[in-house]
Amino acid sequence: MSAAAMTWVVSPNSEQLCNGLRFLEKGVFSGGRLKNVGRKHECFSFFGSRKRDVGSRVVANPSGNLAISSEQLVYDVVLKQVALVKEQQRSREEEDMEVKPDIVVPGTLGVLNEAYDRCGEVCAEYAKTFYLGTLLMTPERRKAIWAIYVWCRRTDELVDGPNASHITPKALDRWESRLEDLFNGRPFDMLDAALSDTVSKFPVDIQPFKDMIDGMRMDLKKSRYENFDELYLYCYYVAGTVGLMSVPIMGIAHESNAPTESVYNAALALGIANQLTNILRDVGEDARRGRVYLPQDELAQAGLSDEDIFAMKVTDKWRFFMKKQIKRARTFFDQAEEGVTQLSSASRWPVWASLLLYRQILDEIEANDYNNFTRRAYVSKPKKIVALPIAYVKSLVPPSSRKLVTN
């Protein structure tokens with residue numbers, strides 16, 4: 001999902017490492033092709049103070065269990081974003097919806113346009129289907145989505161790119177400081193400027209961006225997940241956050257009667273579903289890297305262990321386990337579907353396309369007899385071509401009058 005790890009996030013004293021990362025910067029600014037990266041956090045569908053451990057908001061009881069579920073923690077983030085959106089709506093109503101013209105500093109408009117164009121090029125190269133869908137959006141929404149996509153891709157590159165082995169927690173701290181600067185109107189480079197401009201125009205909260213960086217921190221120090229509650233939090237950090245970033249840009253349909261928080265919950269569900277699908281597709285690839293992104297307690301209940309995964313043999317126990325995991329992922333896709341219809345009409349197509357194509361990956365895993373050890377499930381080009389018009393037709397369906405679940 002991310003595009004390039006910039007040299008600024010590395011310690012100024014690490015000259016050799018800076019030189020090793022500069023080819024990424026060149027790829028961003030000179031139009032060179034970026035490296036294909038992002039294995040675990042590659043989906044693009046659709047909060048705590050900094051300098052904390054990723055689990056600091058989780059309160060443990062004497063037995064060691066979580067007193068507050070990850071879902072409740074994430075829901076608090078949803079409410080915070082919803083409050084920001086409603087605040088902007090109230091402000092506009094008080095101003096009688098009068099939009100004041102931006103004050104443009106001479107010479108900056110051309111730079112911004114170039115920055116947004118570059119973001120569009122990156123999106124077109126690495127998320128072709130999604131990019132085509134964004135062309136239906138209004139120019140302002142389209143450019144903003146491109147800017148968010150590129151920031152997410154660059155962030156993911158830090159821990160999943162060719163120089164991931166050199167990235168330290170300190171580097172992620174620097175990347176987060178840089179994020180705070182761009183939210184405060186102090187972008188470091190051209191691509192930062194595009195996102196800085198975006199967050200100044202739309203009610204986007206910084207917390208989902210910070211939480212995504214927390215997901216990268218988890219990948220640096222954690223390779224096992226004891227239960228689904230832990231895995232859910234990871235999926236939120238690396239993918240669900242994208243939904244919270246995107247909905248303020250895509251907009252909710254004027255005719256929608258759904259509570260705002262329910263639309264955000266649906267976007268969050270799509271991110272979780274996509275990430276769970278990534279995990280199920282990449283079991284073998286992750287195992288070869290010594291990682292197991294599956295709930296340890298559920299593996300044990302199925303009579304499986306890490307050793308069975310590293311053996312990479314499809315057994316009846318494995319098939320039974322996978323059927324349950326796929327069923328869970330589909331449940332999240334189901335939760336997401338109604339929310340897509342609540343988005344503004346011009347924003348629905350790319351989201352429907354993402355949902356339908358990612359959901360088909362689960363079908364392919366089943367078609368491979370649950371062999372996600374040595375066979376990579378993917379949606380063929382003919383199936384993608386068929387899915388696009390279906391997604392378009394679905395995008396024409398107006399919001400349902402049925403109430404969505406808010407939590």
# chains A, B, ... in the order shown; residues from 1 in each chain; ligands from 1
>>> residues_around(residues="Ile385 of chain A", least_positions_apart="4", cutoff="12 Å", atoms="only C-alpha atoms", output="NGL selection string")
:A and (129 or 353 or 356-357 or 379-381 or 389-392)
>>> select_by_dssp(residues="segment 106-340 of chain A", states="alpha helix (DSSP H)", output="number ranges by chain")
A: 108-126, 128-134, 139-160, 169-183, 190-201, 207-221, 228-235, 241-250, 260-281, 283-288, 296-301, 306-311, 316-340
>>> residues_around(residues="Gly133 of chain A", least_positions_apart="4", cutoff="10 Å", atoms="only C-alpha atoms", output="ChimeraX atom specification")
/A:128-129,137,142,346-354,388,391-392
>>> residues_around(residues="segment 206-212 of chain A", least_positions_apart="6", cutoff="7 Å", atoms="only C-alpha atoms", output="VMD selection string")
chain A and resid 47 176 237 to 238 241 244 to 245
>>> write_last_selection(atoms="N, CA and C atoms", output="compact mmCIF listing (two decimals), in the first residue's frame")
# COMPACT_ATOMS: atom_id res chain seq x y z
N PHE A 47 -7.75 5.76 19.18
CA PHE A 47 -7.19 6.71 18.27
C PHE A 47 -5.92 7.02 19.09
N GLU A 176 6.33 9.57 12.39
CA GLU A 176 5.14 10.12 13.06
C GLU A 176 5.29 11.61 13.33
N TYR A 237 -5.31 -1.50 12.86
CA TYR A 237 -4.17 -0.61 12.70
C TYR A 237 -3.69 -0.54 11.25
N VAL A 238 -3.56 -1.67 10.58
CA VAL A 238 -2.92 -1.66 9.26
C VAL A 238 -3.90 -1.54 8.10
N THR A 241 -7.91 1.39 9.56
CA THR A 241 -7.64 2.83 9.62
C THR A 241 -7.90 3.51 8.28
N LEU A 244 -11.37 4.80 7.99
CA LEU A 244 -11.63 6.02 8.75
C LEU A 244 -11.00 7.24 8.08
N MET A 245 -9.89 7.03 7.39
CA MET A 245 -9.27 8.12 6.64
C MET A 245 -10.10 8.50 5.42
>>> closest_atom_pairs(of="segment 264-304 of chain A", to="segment 220-230 of chain A", cutoff="8 Å", atoms="only C-alpha atoms", output="JSON lines")
{"residue": "A:Gly290", "atom": "CA", "partner": "A:Ser223", "partner_atom": "CA", "distance": 7.5}
{"residue": "A:Arg291", "atom": "CA", "partner": "A:Ser223", "partner_atom": "CA", "distance": 5.0}
{"residue": "A:Val292", "atom": "CA", "partner": "A:Arg224", "partner_atom": "CA", "distance": 5.6}
{"residue": "A:Tyr293", "atom": "CA", "partner": "A:Arg224", "partner_atom": "CA", "distance": 6.2}
{"residue": "A:Leu294", "atom": "CA", "partner": "A:Tyr225", "partner_atom": "CA", "distance": 6.4}
{"residue": "A:Pro295", "atom": "CA", "partner": "A:Asn227", "partner_atom": "CA", "distance": 4.4}
{"residue": "A:Gln296", "atom": "CA", "partner": "A:Glu226", "partner_atom": "CA", "distance": 4.8}
{"residue": "A:Asp297", "atom": "CA", "partner": "A:Asn227", "partner_atom": "CA", "distance": 5.6}
{"residue": "A:Glu298", "atom": "CA", "partner": "A:Asn227", "partner_atom": "CA", "distance": 7.1}
>>> write_last_selection(atoms="C-alpha atoms", output="PDB file, in the first residue's frame")
ATOM      1  CA  GLY A 290       8.637 -16.887  10.536  1.00  0.00           C
ATOM      2  CA  ARG A 291       5.295 -15.124  11.014  1.00  0.00           C
ATOM      3  CA  VAL A 292       1.884 -16.538  11.908  1.00  0.00           C
ATOM      4  CA  TYR A 293      -0.984 -14.044  11.640  1.00  0.00           C
ATOM      5  CA  LEU A 294      -3.592 -16.513  12.938  1.00  0.00           C
ATOM      6  CA  PRO A 295      -5.219 -16.710  16.398  1.00  0.00           C
ATOM      7  CA  GLN A 296      -3.128 -19.114  18.454  1.00  0.00           C
ATOM      8  CA  ASP A 297      -6.042 -20.199  20.652  1.00  0.00           C
ATOM      9  CA  GLU A 298      -8.164 -21.095  17.624  1.00  0.00           C
TER      10      GLU A 298
END
>>> atom_distance(atom1="atom CA of Arg153 of chain A", atom2="atom CA of Lys383 of chain A")
25.7 Å
>>> closest_residue(among="A:Ile213, A:Asp205, A:Ile309, A:Ala83", to="Lys170 of chain A", atoms="only C-alpha atoms")
A:Ile213
>>> residues_around(residues="segment 267-270 of chain A", least_positions_apart="3", cutoff="7 Å", atoms="only C-alpha atoms", output="list in words")
Ser45, Phe46, Gly240, Gly243, Leu244, Val263, Tyr264, Ala273, Asn274, Phe332, Phe333, Gln335, Ala336 and Gly339 of chain A
>>> write_last_selection(atoms="all heavy atoms", output="short mmCIF file (atom, residue, chain, number, x, y, z; two decimals), in the first residue's frame")
data_model
loop_
_atom_site.label_atom_id
_atom_site.label_comp_id
_atom_site.auth_asym_id
_atom_site.auth_seq_id
_atom_site.Cartn_x
_atom_site.Cartn_y
_atom_site.Cartn_z
N SER A 45 -8.92 -0.32 1.08
CA SER A 45 -10.36 -0.27 1.02
C SER A 45 -10.81 1.00 1.72
O SER A 45 -10.12 1.95 1.76
CB SER A 45 -10.91 -1.43 1.80
OG SER A 45 -10.56 -1.31 3.15
N PHE A 46 -11.19 0.78 2.88
CA PHE A 46 -11.30 1.82 3.83
C PHE A 46 -10.48 1.30 5.02
O PHE A 46 -10.76 0.59 5.59
CB PHE A 46 -12.61 2.06 4.58
CG PHE A 46 -13.89 1.99 3.93
CD1 PHE A 46 -14.93 1.30 4.44
CD2 PHE A 46 -13.97 2.60 2.75
CE1 PHE A 46 -16.08 1.23 3.78
CE2 PHE A 46 -15.11 2.55 2.11
CZ PHE A 46 -16.18 1.85 2.60
N GLY A 240 -8.02 -1.23 8.78
CA GLY A 240 -9.26 -0.56 9.15
C GLY A 240 -9.10 0.94 9.22
O GLY A 240 -10.04 1.69 8.95
N GLY A 243 -10.21 2.97 6.19
CA GLY A 243 -11.62 3.33 6.07
C GLY A 243 -11.93 4.63 6.78
O GLY A 243 -12.65 5.48 6.26
N LEU A 244 -11.37 4.80 7.99
CA LEU A 244 -11.63 6.02 8.75
C LEU A 244 -11.00 7.24 8.08
O LEU A 244 -11.51 8.35 8.18
CB LEU A 244 -11.11 5.88 10.18
CG LEU A 244 -11.70 4.71 10.99
CD1 LEU A 244 -11.24 4.79 12.44
CD2 LEU A 244 -13.22 4.70 10.91
N VAL A 263 -21.91 4.24 9.17
CA VAL A 263 -21.19 4.23 7.90
C VAL A 263 -19.70 4.03 8.14
O VAL A 263 -19.03 3.28 7.42
CB VAL A 263 -21.45 5.53 7.12
CG1 VAL A 263 -20.72 5.51 5.77
CG2 VAL A 263 -22.95 5.74 6.88
N TYR A 264 -19.19 4.68 9.18
CA TYR A 264 -17.78 4.49 9.52
C TYR A 264 -17.51 3.06 9.99
O TYR A 264 -16.47 2.48 9.68
CB TYR A 264 -17.35 5.49 10.60
CG TYR A 264 -17.01 6.84 10.03
CD1 TYR A 264 -17.99 7.81 9.85
CD2 TYR A 264 -15.71 7.15 9.65
CE1 TYR A 264 -17.68 9.04 9.30
CE2 TYR A 264 -15.38 8.37 9.12
CZ TYR A 264 -16.37 9.32 8.94
OH TYR A 264 -16.06 10.54 8.39
N ALA A 273 -12.07 -6.92 6.86
CA ALA A 273 -12.30 -8.05 5.94
C ALA A 273 -11.17 -8.20 4.94
O ALA A 273 -10.68 -9.32 4.69
CB ALA A 273 -13.63 -7.86 5.22
N ASN A 274 -10.75 -7.09 4.36
CA ASN A 274 -9.65 -7.15 3.39
C ASN A 274 -8.36 -7.65 4.02
O ASN A 274 -7.62 -8.45 3.43
CB ASN A 274 -9.42 -5.76 2.78
CG ASN A 274 -10.47 -5.40 1.74
OD1 ASN A 274 -11.30 -6.22 1.38
ND2 ASN A 274 -10.43 -4.17 1.28
N PHE A 332 -17.46 -10.07 7.94
CA PHE A 332 -17.04 -8.67 7.89
C PHE A 332 -17.38 -8.04 6.54
O PHE A 332 -17.78 -6.87 6.47
CB PHE A 332 -15.55 -8.53 8.19
CG PHE A 332 -15.23 -8.58 9.66
CD1 PHE A 332 -14.73 -9.73 10.25
CD2 PHE A 332 -15.43 -7.47 10.47
CE1 PHE A 332 -14.44 -9.79 11.60
CE2 PHE A 332 -15.15 -7.50 11.83
CZ PHE A 332 -14.66 -8.68 12.39
N PHE A 333 -17.22 -8.79 5.45
CA PHE A 333 -17.62 -8.28 4.14
C PHE A 333 -19.12 -7.98 4.12
O PHE A 333 -19.56 -6.96 3.57
CB PHE A 333 -17.28 -9.29 3.04
CG PHE A 333 -15.86 -9.23 2.57
CD1 PHE A 333 -15.05 -10.35 2.66
CD2 PHE A 333 -15.32 -8.08 2.02
CE1 PHE A 333 -13.72 -10.33 2.23
CE2 PHE A 333 -14.00 -8.03 1.59
CZ PHE A 333 -13.20 -9.16 1.69
N GLN A 335 -20.98 -7.13 6.63
CA GLN A 335 -21.20 -5.92 7.41
C GLN A 335 -20.86 -4.67 6.60
O GLN A 335 -21.48 -3.62 6.77
CB GLN A 335 -20.36 -5.95 8.69
CG GLN A 335 -20.77 -7.03 9.68
CD GLN A 335 -19.80 -7.12 10.85
OE1 GLN A 335 -18.98 -6.21 11.07
NE2 GLN A 335 -19.86 -8.21 11.60
N ALA A 336 -19.88 -4.80 5.72
CA ALA A 336 -19.42 -3.65 4.94
C ALA A 336 -20.37 -3.29 3.81
O ALA A 336 -20.48 -2.11 3.44
CB ALA A 336 -18.03 -3.94 4.37
N GLY A 339 -23.00 -0.51 4.15
CA GLY A 339 -22.38 0.80 4.33
C GLY A 339 -21.94 1.42 3.02
O GLY A 339 -21.95 2.65 2.87
#
>>> residues_around(residues="segment 276-288 of chain A", least_positions_apart="4", cutoff="10 Å", atoms="only C-alpha atoms", output="PyMOL selection string")
chain A and resi 39-43+223+231-232+235+239+270-272+292-294+306-307+309-312+322+325-326+328-330+332+358-362+364-365+370-378
>>> closest_residue(among="A:Arg186, A:Ile252, A:Glu140, A:Lys324", to="Lys86 of chain A", atoms="only C-alpha atoms")
A:Ile252
>>> closest_residue(among="A:Leu73, A:Val199, A:Ala253, A:Met218", to="Pro187 of chain A", atoms="only C-alpha atoms")
A:Val199
>>> residues_around(residues="Pro399 of chain A", least_positions_apart="6", cutoff="12 Å", atoms="only C-alpha atoms", output="NGL selection string")
:A and (252-258 or 263 or 337-345 or 348)
>>> write_last_selection(atoms="N, CA and C atoms", output="CSV table (one decimal), in the first residue's frame")
chain,number,residue,atom,x,y,z
A,252,ILE,N,-20.7,11.0,2.5
A,252,ILE,CA,-21.9,10.2,2.7
A,252,ILE,C,-23.1,10.8,1.9
A,253,ALA,N,-23.9,10.0,1.2
A,253,ALA,CA,-24.9,10.5,0.4
A,253,ALA,C,-25.9,11.4,1.1
A,254,HIS,N,-26.3,12.4,0.5
A,254,HIS,CA,-27.3,13.4,1.1
A,254,HIS,C,-28.6,12.7,1.5
A,255,GLU,N,-29.0,11.7,0.7
A,255,GLU,CA,-30.2,11.0,0.9
A,255,GLU,C,-30.1,9.9,2.0
A,256,SER,N,-28.9,9.6,2.5
A,256,SER,CA,-28.7,8.6,3.5
A,256,SER,C,-29.4,8.9,4.8
A,257,ASN,N,-30.1,8.0,5.4
A,257,ASN,CA,-30.7,8.2,6.7
A,257,ASN,C,-29.9,7.4,7.8
A,258,ALA,N,-28.8,6.8,7.4
A,258,ALA,CA,-28.1,6.0,8.3
A,258,ALA,C,-27.3,6.9,9.3
A,263,VAL,N,-21.9,4.2,9.2
A,263,VAL,CA,-21.2,4.2,7.9
A,263,VAL,C,-19.7,4.0,8.1
A,337,GLU,N,-21.1,-4.3,3.3
A,337,GLU,CA,-21.8,-4.0,2.0
A,337,GLU,C,-22.9,-3.0,2.2
A,338,GLU,N,-23.7,-3.0,3.2
A,338,GLU,CA,-24.7,-2.0,3.4
A,338,GLU,C,-24.2,-0.6,3.5
A,339,GLY,N,-23.0,-0.5,4.2
A,339,GLY,CA,-22.4,0.8,4.3
A,339,GLY,C,-21.9,1.4,3.0
A,340,VAL,N,-21.5,0.6,2.1
A,340,VAL,CA,-21.1,1.1,0.8
A,340,VAL,C,-22.2,1.9,0.1
A,341,THR,N,-23.4,1.4,0.2
A,341,THR,CA,-24.6,2.1,-0.4
A,341,THR,C,-24.8,3.5,0.2
A,342,GLN,N,-24.3,3.7,1.4
A,342,GLN,CA,-24.6,5.0,2.0
A,342,GLN,C,-23.6,6.1,1.6
A,343,LEU,N,-22.5,5.7,0.9
A,343,LEU,CA,-21.6,6.7,0.4
A,343,LEU,C,-22.1,7.5,-0.7
A,344,SER,N,-21.5,8.7,-1.0
A,344,SER,CA,-21.9,9.5,-2.1
A,344,SER,C,-21.9,8.7,-3.4
A,345,SER,N,-22.7,8.9,-4.3
A,345,SER,CA,-22.9,8.1,-5.5
A,345,SER,C,-21.6,8.0,-6.3
A,348,ARG,N,-19.0,5.3,-4.8
A,348,ARG,CA,-19.3,3.9,-4.5
A,348,ARG,C,-18.6,2.9,-5.4
